[in-house]
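This is query-v4.cif. It holds mmCIF, C-alpha atoms.
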```
data_target
loop_
_atom_site.label_atom_id
_atom_site.label_comp_id
_atom_site.auth_asym_id
_atom_site.auth_seq_id
_atom_site.Cartn_x
_atom_site.Cartn_y
_atom_site.Cartn_z
CA MET X 300 7.89 -23.85 -45.26
CA LYS X 301 4.55 -22.10 -45.29
CA PHE X 302 3.40 -24.34 -42.43
CA ARG X 303 6.51 -23.56 -40.38
CA LYS X 304 6.16 -19.83 -41.01
CA ALA X 305 2.49 -19.88 -39.97
CA ALA X 306 3.35 -21.82 -36.82
CA ALA X 307 6.07 -19.32 -35.96
CA VAL X 308 3.67 -16.40 -36.44
CA SER X 309 1.04 -18.10 -34.26
CA ALA X 310 3.59 -18.73 -31.53
CA ALA X 311 4.66 -15.09 -31.63
CA VAL X 312 1.05 -13.93 -31.39
CA LEU X 313 0.42 -16.22 -28.42
CA ALA X 314 3.57 -14.98 -26.69
CA LEU X 315 2.51 -11.37 -27.15
CA ALA X 316 -0.97 -12.15 -25.83
CA ALA X 317 0.48 -13.85 -22.77
CA THR X 318 2.77 -10.89 -22.14
CA ALA X 319 -0.12 -8.45 -22.45
CA THR X 320 -2.23 -10.52 -20.07
CA ALA X 321 0.57 -10.67 -17.53
CA CYS X 322 1.06 -6.91 -17.68
CA GLY X 323 -2.64 -6.34 -17.29
CA SER X 324 -2.72 -8.50 -14.17
CA SER X 325 0.19 -6.73 -12.48
CA ASP X 326 -1.44 -3.35 -13.10
CA LYS X 327 -4.29 -4.39 -10.86
CA ASN X 328 -1.99 -4.99 -7.94
CA ASP X 329 -0.96 -2.15 -5.60
CA ASN X 330 1.06 -0.19 -8.17
CA GLY X 331 -0.21 3.34 -7.54
CA SER X 332 -1.49 5.83 -10.09
CA SER X 333 1.02 4.88 -12.77
CA GLY X 334 -0.08 1.26 -12.64
CA GLY X 335 -3.80 1.90 -12.48
CA GLY X 336 -4.24 -0.42 -9.49
CA LYS X 337 -6.23 -0.17 -6.29
CA ILE X 338 -5.17 0.13 -2.67
CA LYS X 339 -7.25 -1.26 0.18
CA ILE X 340 -7.17 0.74 3.40
CA GLY X 341 -8.77 -0.25 6.70
CA ILE X 342 -10.88 2.38 8.48
CA LYS X 343 -13.86 2.54 10.84
CA TYR X 344 -17.30 3.04 9.34
CA ASP X 345 -19.12 4.25 12.47
CA GLN X 346 -17.01 6.98 14.08
CA PRO X 347 -18.21 10.54 13.35
CA GLY X 348 -15.35 12.97 12.88
CA LEU X 349 -12.87 10.13 12.31
CA GLY X 350 -14.19 7.41 10.03
CA LEU X 351 -17.85 7.46 9.01
CA GLN X 352 -19.67 6.04 6.01
CA GLN X 353 -22.09 8.64 4.66
CA PRO X 354 -25.61 7.88 3.39
CA ASP X 355 -24.35 8.20 -0.19
CA GLY X 356 -21.65 5.58 0.45
CA SER X 357 -18.74 8.02 0.66
CA PHE X 358 -16.48 8.34 3.71
CA ALA X 359 -15.58 11.28 5.92
CA GLY X 360 -13.45 12.00 8.99
CA PHE X 361 -9.94 12.76 10.15
CA ASP X 362 -8.67 9.18 9.70
CA VAL X 363 -10.16 9.15 6.20
CA ASP X 364 -8.37 12.40 5.33
CA VAL X 365 -5.08 11.10 6.73
CA ALA X 366 -5.43 7.82 4.83
CA THR X 367 -6.30 9.63 1.60
CA TYR X 368 -3.30 11.96 1.94
CA VAL X 369 -0.93 9.08 2.66
CA ALA X 370 -2.30 7.06 -0.25
CA GLY X 371 -1.76 10.09 -2.48
CA GLN X 372 1.89 10.25 -1.43
CA LEU X 373 2.20 6.56 -2.25
CA GLY X 374 0.96 7.25 -5.77
CA TYR X 375 -2.79 6.57 -5.57
CA LYS X 376 -5.60 8.83 -6.67
CA PRO X 377 -8.75 9.00 -4.47
CA SER X 378 -10.56 6.95 -7.13
CA GLN X 379 -8.04 4.13 -6.60
CA ILE X 380 -8.72 3.84 -2.87
CA GLN X 381 -11.01 1.12 -1.55
CA PHE X 382 -11.90 1.67 2.10
CA ILE X 383 -12.49 -1.55 4.04
CA GLN X 384 -14.39 -1.66 7.33
CA THR X 385 -11.94 -2.81 9.98
CA LYS X 386 -13.34 -3.31 13.47
CA SER X 387 -11.13 -3.05 16.54
CA ALA X 388 -11.04 -6.78 17.25
CA ASP X 389 -9.98 -7.67 13.68
CA ARG X 390 -7.31 -5.09 12.87
CA GLU X 391 -4.28 -7.33 13.46
CA ASN X 392 -5.85 -10.21 11.55
CA ALA X 393 -6.78 -7.98 8.61
CA LEU X 394 -3.15 -6.92 8.22
CA ALA X 395 -1.78 -10.44 8.68
CA ARG X 396 -4.20 -11.83 6.05
CA GLY X 397 -3.36 -9.05 3.61
CA ASP X 398 -6.97 -7.84 3.48
CA VAL X 399 -5.70 -4.26 3.59
CA LYS X 400 -2.42 -2.48 2.82
CA PHE X 401 -2.56 -0.34 5.93
CA ILE X 402 -5.02 0.68 8.66
CA ALA X 403 -5.93 4.19 9.84
CA ALA X 404 -8.69 3.51 12.35
CA THR X 405 -8.08 5.18 15.74
CA TYR X 406 -5.38 2.53 16.14
CA SER X 407 -3.54 3.27 19.39
CA ILE X 408 0.10 2.20 19.44
CA THR X 409 0.71 -0.23 22.32
CA ASP X 410 3.53 -2.61 23.20
CA GLU X 411 1.16 -5.57 22.90
CA ARG X 412 0.03 -4.60 19.42
CA LYS X 413 3.60 -3.97 18.28
CA GLN X 414 4.23 -7.68 18.77
CA LYS X 415 1.80 -8.39 15.93
CA VAL X 416 1.94 -5.36 13.60
CA ASP X 417 4.23 -2.45 12.82
CA PHE X 418 3.18 1.18 13.11
CA ALA X 419 3.90 4.40 11.27
CA GLY X 420 3.19 7.64 13.08
CA PRO X 421 1.84 8.61 15.51
CA TYR X 422 -0.35 11.17 13.73
CA LEU X 423 -2.68 12.16 16.60
CA LEU X 424 -2.49 12.17 20.40
CA ALA X 425 -5.87 11.53 22.02
CA HIS X 426 -6.81 10.81 25.64
CA GLN X 427 -9.22 8.30 27.10
CA ASP X 428 -12.31 9.94 28.53
CA LEU X 429 -15.91 9.23 29.52
CA LEU X 430 -19.10 10.22 27.75
CA VAL X 431 -22.13 10.51 30.02
CA LYS X 432 -25.59 12.01 29.86
CA ALA X 433 -25.75 15.77 30.22
CA ASP X 434 -27.34 15.52 33.69
CA SER X 435 -25.08 12.71 34.94
CA LYS X 436 -23.35 13.01 38.33
CA ILE X 437 -20.38 10.96 37.11
CA ALA X 438 -17.43 13.33 37.27
CA LYS X 439 -14.40 11.09 37.87
CA GLY X 440 -13.28 7.57 37.13
CA THR X 441 -14.04 6.13 40.57
CA ASP X 442 -17.68 7.21 40.20
CA LEU X 443 -18.03 4.28 37.78
CA ASN X 444 -17.86 1.69 40.59
CA GLY X 445 -21.23 -0.07 40.58
CA LYS X 446 -22.17 1.59 37.27
CA LYS X 447 -22.56 0.08 33.80
CA LEU X 448 -19.67 1.03 31.55
CA CYS X 449 -19.66 0.42 27.81
CA SER X 450 -16.85 0.11 25.30
CA VAL X 451 -16.03 -1.88 22.17
CA THR X 452 -14.75 -5.44 22.01
CA GLY X 453 -11.05 -5.43 21.22
CA SER X 454 -10.35 -1.91 22.51
CA THR X 455 -8.19 -1.27 25.56
CA SER X 456 -10.34 1.47 27.07
CA ALA X 457 -12.84 -0.46 29.19
CA GLN X 458 -10.22 -2.81 30.58
CA ASN X 459 -8.01 0.14 31.48
CA VAL X 460 -10.80 1.69 33.55
CA HIS X 461 -11.73 -1.63 35.17
CA ASP X 462 -8.16 -2.58 36.06
CA THR X 463 -6.80 0.74 37.28
CA ILE X 464 -9.65 3.10 38.18
CA ALA X 465 -13.00 1.43 38.88
CA PRO X 466 -12.62 -2.32 39.54
CA LYS X 467 -16.29 -2.62 40.51
CA ALA X 468 -17.59 -1.17 37.27
CA ASN X 469 -19.90 -3.48 35.31
CA LEU X 470 -18.35 -3.82 31.87
CA LYS X 471 -20.50 -4.05 28.75
CA GLU X 472 -18.69 -4.65 25.46
CA TYR X 473 -20.44 -4.16 22.12
CA SER X 474 -19.18 -4.61 18.58
CA GLY X 475 -19.30 -0.90 17.69
CA TYR X 476 -19.31 2.51 19.36
CA SER X 477 -22.64 3.44 17.80
CA GLU X 478 -24.20 0.61 19.83
CA CYS X 479 -22.62 1.96 23.01
CA ILE X 480 -23.94 5.45 22.31
CA ALA X 481 -27.45 4.08 21.68
CA ALA X 482 -27.22 2.16 24.97
CA LEU X 483 -26.19 5.35 26.77
CA GLN X 484 -29.09 7.25 25.23
CA SER X 485 -31.59 4.57 26.32
CA GLY X 486 -30.16 4.29 29.84
CA ALA X 487 -28.91 0.71 29.36
CA VAL X 488 -25.43 1.92 30.38
CA ASP X 489 -24.26 4.84 32.50
CA ALA X 490 -21.14 5.81 30.60
CA VAL X 491 -19.16 5.09 27.45
CA THR X 492 -15.40 5.12 27.52
CA THR X 493 -12.93 5.44 24.69
CA ASP X 494 -10.76 8.18 23.23
CA ASP X 495 -11.97 11.75 23.63
CA SER X 496 -11.67 12.29 19.88
CA ILE X 497 -14.18 9.51 19.20
CA LEU X 498 -16.56 10.59 21.94
CA ALA X 499 -16.47 14.21 20.78
CA GLY X 500 -17.47 13.12 17.28
CA PHE X 501 -20.54 11.30 18.54
CA ALA X 502 -21.55 14.06 20.96
CA SER X 503 -21.48 16.63 18.13
CA GLN X 504 -23.93 14.75 15.89
CA ASP X 505 -27.22 16.58 15.39
CA LYS X 506 -29.30 13.67 16.67
CA TYR X 507 -27.38 13.65 19.97
CA LYS X 508 -26.66 17.34 20.36
CA GLY X 509 -27.17 18.49 23.94
CA GLN X 510 -27.82 14.99 25.31
CA PHE X 511 -24.28 14.06 26.33
CA LYS X 512 -21.15 15.60 27.79
CA LEU X 513 -17.49 14.67 28.08
CA ALA X 514 -16.26 14.22 31.63
CA GLY X 515 -13.03 15.95 30.65
CA LEU X 516 -10.72 13.30 32.10
CA LYS X 517 -7.35 12.38 30.62
CA LEU X 518 -7.25 8.75 31.71
CA SER X 519 -4.53 7.75 29.26
CA ASN X 520 -2.46 8.86 26.29
CA GLU X 521 -3.59 7.30 23.02
CA ASN X 522 -1.11 7.77 20.19
CA TYR X 523 -2.85 6.93 16.91
CA GLY X 524 -0.63 5.10 14.45
CA ILE X 525 -1.07 3.67 10.98
CA GLY X 526 -0.83 -0.11 11.17
CA VAL X 527 1.11 -2.06 8.54
CA LYS X 528 1.90 -5.74 8.21
CA LYS X 529 4.63 -6.92 10.58
CA GLY X 530 8.02 -6.65 8.93
CA ASP X 531 7.01 -4.23 6.15
CA ALA X 532 9.69 -1.67 7.03
CA ALA X 533 9.67 -0.13 3.54
CA LEU X 534 5.98 0.76 3.70
CA GLU X 535 6.31 2.02 7.26
CA LYS X 536 9.10 4.38 6.19
CA LYS X 537 7.10 5.68 3.20
CA ILE X 538 4.05 6.35 5.38
CA ASN X 539 6.15 8.19 7.98
CA THR X 540 7.56 10.38 5.22
CA ALA X 541 4.03 11.10 4.00
CA LEU X 542 2.83 11.98 7.52
CA GLU X 543 5.78 14.33 8.05
CA LYS X 544 4.88 16.12 4.82
CA MET X 545 1.21 16.29 5.83
CA VAL X 546 2.19 18.12 9.01
CA SER X 547 4.74 20.42 7.36
CA ASP X 548 2.56 21.52 4.44
CA GLY X 549 -0.44 22.40 6.65
CA SER X 550 -2.71 19.57 5.48
CA TRP X 551 -2.74 17.99 8.96
CA GLN X 552 -3.97 21.19 10.62
CA LYS X 553 -6.56 21.68 7.89
CA ALA X 554 -7.92 18.15 8.45
CA VAL X 555 -8.04 18.61 12.23
CA THR X 556 -9.93 21.90 11.96
CA LYS X 557 -12.39 20.50 9.45
CA ASN X 558 -13.23 17.34 11.37
CA PHE X 559 -12.92 18.35 15.02
CA GLY X 560 -13.70 22.05 14.94
CA PRO X 561 -17.52 21.67 15.04
CA ALA X 562 -17.26 19.55 18.23
CA LYS X 563 -14.99 22.13 19.93
CA TYR X 564 -12.62 19.27 20.68
CA GLN X 565 -9.49 20.38 22.53
CA TYR X 566 -7.02 18.48 20.39
CA GLU X 567 -3.29 18.21 20.99
CA GLN X 568 -0.73 19.53 18.53
CA ALA X 569 0.69 17.11 15.99
CA PRO X 570 2.98 14.57 17.68
CA LYS X 571 6.50 13.92 16.43
CA ILE X 572 6.35 11.28 13.73
CA GLY X 573 8.24 8.13 14.67
CA ALA X 574 8.74 9.24 18.29
CA ILE X 575 7.26 6.20 20.08
CA VAL X 576 6.87 3.58 17.38
CA LYS X 577 9.95 1.48 18.16
#
```

In structure tokens, how does this file's structure come out?
Amino acid sequence: MKFRKAAAVSAAVLALAATATACGSSDKNDNGSSGGGKIKIGIKYDQPGLGLQQPDGSFAGFDVDVATYVAGQLGYKPSQIQFIQTKSADRENALARGDVKFIAATYSITDERKQKVDFAGPYLLAHQDLLVKADSKIAKGTDLNGKKLCSVTGSTSAQNVHDTIAPKANLKEYSGYSECIAALQSGAVDAVTTDDSILAGFASQDKYKGQFKLAGLKLSNENYGIGVKKGDAALEKKINTALEKMVSDGSWQKAVTKNFGPAKYQYEQAPKIGAIVK
């Protein structure tokens, strides 16, 4: 009897241990503040004013503020957020692999991308523009014919200019915008093209101040959305609800002023959430 009783006690202890272990494991999954888990969010690391890794390892920018607000509405504290560098060419793959829960990284909503991922938003309307040296004679898109134009691999900006505006432009594609800006500074390229919000952030940096100017062209409409894994309608809906609250409670305007104000960027008003996603 004593043996049976001891065996029963041991079995009960083992069962409790297994249950505790299982609970501990689930807490580490994306369960929000109540579960003590982490959430992985894709952002850019090299875009001043939008998504930039600081020297101390922290992150700053409009996309970072939007992502942090949304994560908060999903139940995560800032300490539970893990920002993952997500380059333009790898955004769809990162979502498909499950590397990140969602992406807030100057991610323009396009019909082609909607075949691979779903979008919440949009949360910002930007426009494609050109960044040139302060003394450059380039004033319109057609001036790029015969010139060296830089953009980032995986973005739509350079191809848009080449296909519709300046077919004789010499395209140079680098892995990051910081490389394009360095090439512009050195004279290796004549212009950099991407969204005006991104270009304004670079132009406002102290190390570049006064060297560059925006051409002031609105070559396209770029509606920034938050990318989620294809088919995750529940998460998309939750993020849209969070974005609507961010606009209504004034947090969106506060983030815009903080991140774009120093560059004197002429931003558009908050777009209607969910207006162009489907």

field: Nearby residues (all atoms listed in the file) at most 12 Å from range 541-554 of chain X, same-chain spacing under 2 positions excluded, as a VMD selection string
entry: chain X and resid 348 to 349 359 to 374 403 419 to 423 524 to 525 534 to 539 556 to 560 566 to 574

task: Check which residues satisfy the PyMOL selection byres ((chain X and resi 414) around 12) in the file shown, then give them as number ranges by chain.
output: X: 391, 408-413, 415-418, 526, 528-530, 576-577

Target residues per the PyMOL selection byres ((chain X and resi 427) around 8), formatted as a PDB file with C-alpha atoms, keeping the file's coordinate frame:
```
ATOM      1  CA  ALA X 425      -5.870  11.530  22.020  1.00  0.00           C
ATOM      2  CA  HIS X 426      -6.810  10.810  25.640  1.00  0.00           C
ATOM      3  CA  ASP X 428     -12.310   9.940  28.530  1.00  0.00           C
ATOM      4  CA  LEU X 429     -15.910   9.230  29.520  1.00  0.00           C
ATOM      5  CA  SER X 456     -10.340   1.470  27.070  1.00  0.00           C
ATOM      6  CA  THR X 492     -15.400   5.120  27.520  1.00  0.00           C
ATOM      7  CA  THR X 493     -12.930   5.440  24.690  1.00  0.00           C
ATOM      8  CA  ASP X 494     -10.760   8.180  23.230  1.00  0.00           C
ATOM      9  CA  ASP X 495     -11.970  11.750  23.630  1.00  0.00           C
ATOM     10  CA  LEU X 516     -10.720  13.300  32.100  1.00  0.00           C
ATOM     11  CA  LYS X 517      -7.350  12.380  30.620  1.00  0.00           C
ATOM     12  CA  LEU X 518      -7.250   8.750  31.710  1.00  0.00           C
ATOM     13  CA  SER X 519      -4.530   7.750  29.260  1.00  0.00           C
ATOM     14  CA  ASN X 520      -2.460   8.860  26.290  1.00  0.00           C
ATOM     15  CA  GLU X 521      -3.590   7.300  23.020  1.00  0.00           C
TER      16      GLU X 521
END
```

Within 10 Å of range 482-490 of chain X: each range 370-463 of chain X residue with its shortest pair, only C-alpha atoms, as JSON lines:
```
{"residue": "X:Asp428", "atom": "CA", "partner": "X:Ala490", "partner_atom": "CA", "distance": 10.0}
{"residue": "X:Leu429", "atom": "CA", "partner": "X:Ala490", "partner_atom": "CA", "distance": 6.3}
{"residue": "X:Leu430", "atom": "CA", "partner": "X:Ala490", "partner_atom": "CA", "distance": 5.6}
{"residue": "X:Val431", "atom": "CA", "partner": "X:Ala490", "partner_atom": "CA", "distance": 4.8}
{"residue": "X:Lys432", "atom": "CA", "partner": "X:Leu483", "partner_atom": "CA", "distance": 7.4}
{"residue": "X:Ser435", "atom": "CA", "partner": "X:Asp489", "partner_atom": "CA", "distance": 8.3}
{"residue": "X:Ile437", "atom": "CA", "partner": "X:Ala490", "partner_atom": "CA", "distance": 8.3}
{"residue": "X:Leu443", "atom": "CA", "partner": "X:Ala490", "partner_atom": "CA", "distance": 8.0}
{"residue": "X:Gly445", "atom": "CA", "partner": "X:Asp489", "partner_atom": "CA", "distance": 9.9}
{"residue": "X:Lys446", "atom": "CA", "partner": "X:Asp489", "partner_atom": "CA", "distance": 6.1}
{"residue": "X:Lys447", "atom": "CA", "partner": "X:Val488", "partner_atom": "CA", "distance": 4.8}
{"residue": "X:Leu448", "atom": "CA", "partner": "X:Ala490", "partner_atom": "CA", "distance": 5.1}
{"residue": "X:Cys449", "atom": "CA", "partner": "X:Ala490", "partner_atom": "CA", "distance": 6.2}
{"residue": "X:Ser450", "atom": "CA", "partner": "X:Ala490", "partner_atom": "CA", "distance": 8.9}
```

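Among the candidates X:Gly509, X:Gly440, X:Gly341, X:Pro466, the one nearest to Ala404 in chain X when counting only C-alpha atoms is X:Gly341.
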
- prompt: If you measure from CA of Ala395 in chain X to CA of Val527 in chain X, what distance in Å do you get, rounded to one decimal?
  reply: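 Pair CA of Ala395 in chain X / CA of Val527 in chain X returns 8.9 Å.
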
message: At a cut-off of 10 Å, using only C-alpha atoms, what residues contact Asp442 in chain X? Leave out same-chain residues fewer than 6 positions from it and give the result as a VMD selection string.
response: chain X and resid 436 464 to 465 467 to 468

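Distance check against Gln565 in chain X using only C-alpha atoms: of X:Ser477, X:Asn444, X:Ser496, X:Ser387, the minimum falls on X:Ser496.
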
- prompt: Using all atoms listed in the file, which residue out of X:Ile497, X:Val451, X:Ala457, X:Ala388 lies closest to Tyr473 in chain X?
  reply: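 The answer is X:Val451, which sits nearest to Tyr473 in chain X.
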
Save range 464-476 of chain X of the structure in the block above to a file, with all heavy atoms included, as a short mmCIF file (atom, residue, chain, number, x, y, z; two decimals), in the first residue's frame.
```
data_model
loop_
_atom_site.label_atom_id
_atom_site.label_comp_id
_atom_site.auth_asym_id
_atom_site.auth_seq_id
_atom_site.Cartn_x
_atom_site.Cartn_y
_atom_site.Cartn_z
N ILE X 464 8.48 57.88 -66.31
CA ILE X 464 8.93 59.28 -66.35
C ILE X 464 10.24 59.48 -67.10
O ILE X 464 10.35 60.33 -67.97
CB ILE X 464 9.07 59.84 -64.91
CG1 ILE X 464 7.71 59.77 -64.19
CG2 ILE X 464 9.57 61.28 -64.93
CD1 ILE X 464 7.78 60.03 -62.72
N ALA X 465 11.25 58.68 -66.75
CA ALA X 465 12.58 58.85 -67.33
C ALA X 465 13.15 57.50 -67.75
O ALA X 465 13.99 56.92 -67.05
CB ALA X 465 13.52 59.54 -66.34
N PRO X 466 12.72 56.97 -68.91
CA PRO X 466 13.16 55.63 -69.33
C PRO X 466 14.65 55.52 -69.60
O PRO X 466 15.19 54.41 -69.65
CB PRO X 466 12.34 55.39 -70.61
CG PRO X 466 11.95 56.75 -71.08
CD PRO X 466 11.77 57.57 -69.85
N LYS X 467 15.33 56.64 -69.77
CA LYS X 467 16.77 56.61 -70.04
C LYS X 467 17.60 56.88 -68.79
O LYS X 467 18.81 57.06 -68.87
CB LYS X 467 17.12 57.62 -71.13
CG LYS X 467 16.51 57.26 -72.49
CD LYS X 467 16.93 58.26 -73.56
CE LYS X 467 16.31 57.89 -74.92
NZ LYS X 467 16.68 58.85 -75.98
N ALA X 468 16.96 56.89 -67.65
CA ALA X 468 17.71 57.03 -66.40
C ALA X 468 18.51 55.77 -66.14
O ALA X 468 18.07 54.66 -66.45
CB ALA X 468 16.75 57.29 -65.24
N ASN X 469 19.67 55.91 -65.55
CA ASN X 469 20.55 54.79 -65.23
C ASN X 469 20.29 54.37 -63.78
O ASN X 469 20.72 55.05 -62.85
CB ASN X 469 22.01 55.20 -65.43
CG ASN X 469 22.98 54.06 -65.17
OD1 ASN X 469 22.57 52.91 -64.98
ND2 ASN X 469 24.26 54.37 -65.16
N LEU X 470 19.59 53.26 -63.61
CA LEU X 470 19.19 52.84 -62.28
C LEU X 470 20.33 52.20 -61.49
O LEU X 470 21.06 51.37 -62.01
CB LEU X 470 18.04 51.84 -62.36
CG LEU X 470 16.70 52.34 -62.91
CD1 LEU X 470 15.67 51.23 -62.85
CD2 LEU X 470 16.21 53.55 -62.14
N LYS X 471 20.44 52.59 -60.23
CA LYS X 471 21.38 52.00 -59.29
C LYS X 471 20.57 51.57 -58.07
O LYS X 471 19.92 52.41 -57.43
CB LYS X 471 22.47 53.00 -58.88
CG LYS X 471 23.28 53.57 -60.02
CD LYS X 471 24.23 52.54 -60.59
CE LYS X 471 25.13 53.15 -61.67
NZ LYS X 471 26.03 52.15 -62.27
N GLU X 472 20.59 50.29 -57.75
CA GLU X 472 19.82 49.80 -56.60
C GLU X 472 20.77 49.29 -55.52
O GLU X 472 21.60 48.42 -55.77
CB GLU X 472 18.85 48.71 -57.04
CG GLU X 472 17.73 49.22 -57.94
CD GLU X 472 16.70 48.15 -58.25
OE1 GLU X 472 17.05 47.16 -58.91
OE2 GLU X 472 15.54 48.31 -57.83
N TYR X 473 20.63 49.83 -54.32
CA TYR X 473 21.43 49.43 -53.18
C TYR X 473 20.53 48.75 -52.15
O TYR X 473 19.31 48.79 -52.24
CB TYR X 473 22.12 50.64 -52.56
CG TYR X 473 23.17 51.31 -53.43
CD1 TYR X 473 23.68 52.57 -53.11
CD2 TYR X 473 23.67 50.68 -54.58
CE1 TYR X 473 24.65 53.19 -53.89
CE2 TYR X 473 24.64 51.29 -55.36
CZ TYR X 473 25.12 52.54 -55.02
OH TYR X 473 26.07 53.14 -55.80
N SER X 474 21.15 48.17 -51.15
CA SER X 474 20.38 47.41 -50.15
C SER X 474 19.71 48.30 -49.11
O SER X 474 18.77 47.86 -48.45
CB SER X 474 21.28 46.40 -49.43
OG SER X 474 22.30 47.07 -48.72
N GLY X 475 20.16 49.54 -48.97
CA GLY X 475 19.57 50.44 -47.98
C GLY X 475 19.63 51.89 -48.43
O GLY X 475 20.48 52.27 -49.24
N TYR X 476 18.73 52.72 -47.90
CA TYR X 476 18.69 54.12 -48.29
C TYR X 476 19.92 54.89 -47.83
O TYR X 476 20.34 55.85 -48.48
CB TYR X 476 17.42 54.78 -47.74
CG TYR X 476 16.18 54.30 -48.45
CD1 TYR X 476 15.27 53.46 -47.81
CD2 TYR X 476 15.90 54.67 -49.76
CE1 TYR X 476 14.14 53.00 -48.45
CE2 TYR X 476 14.77 54.22 -50.41
CZ TYR X 476 13.90 53.38 -49.75
OH TYR X 476 12.78 52.92 -50.40
#
```
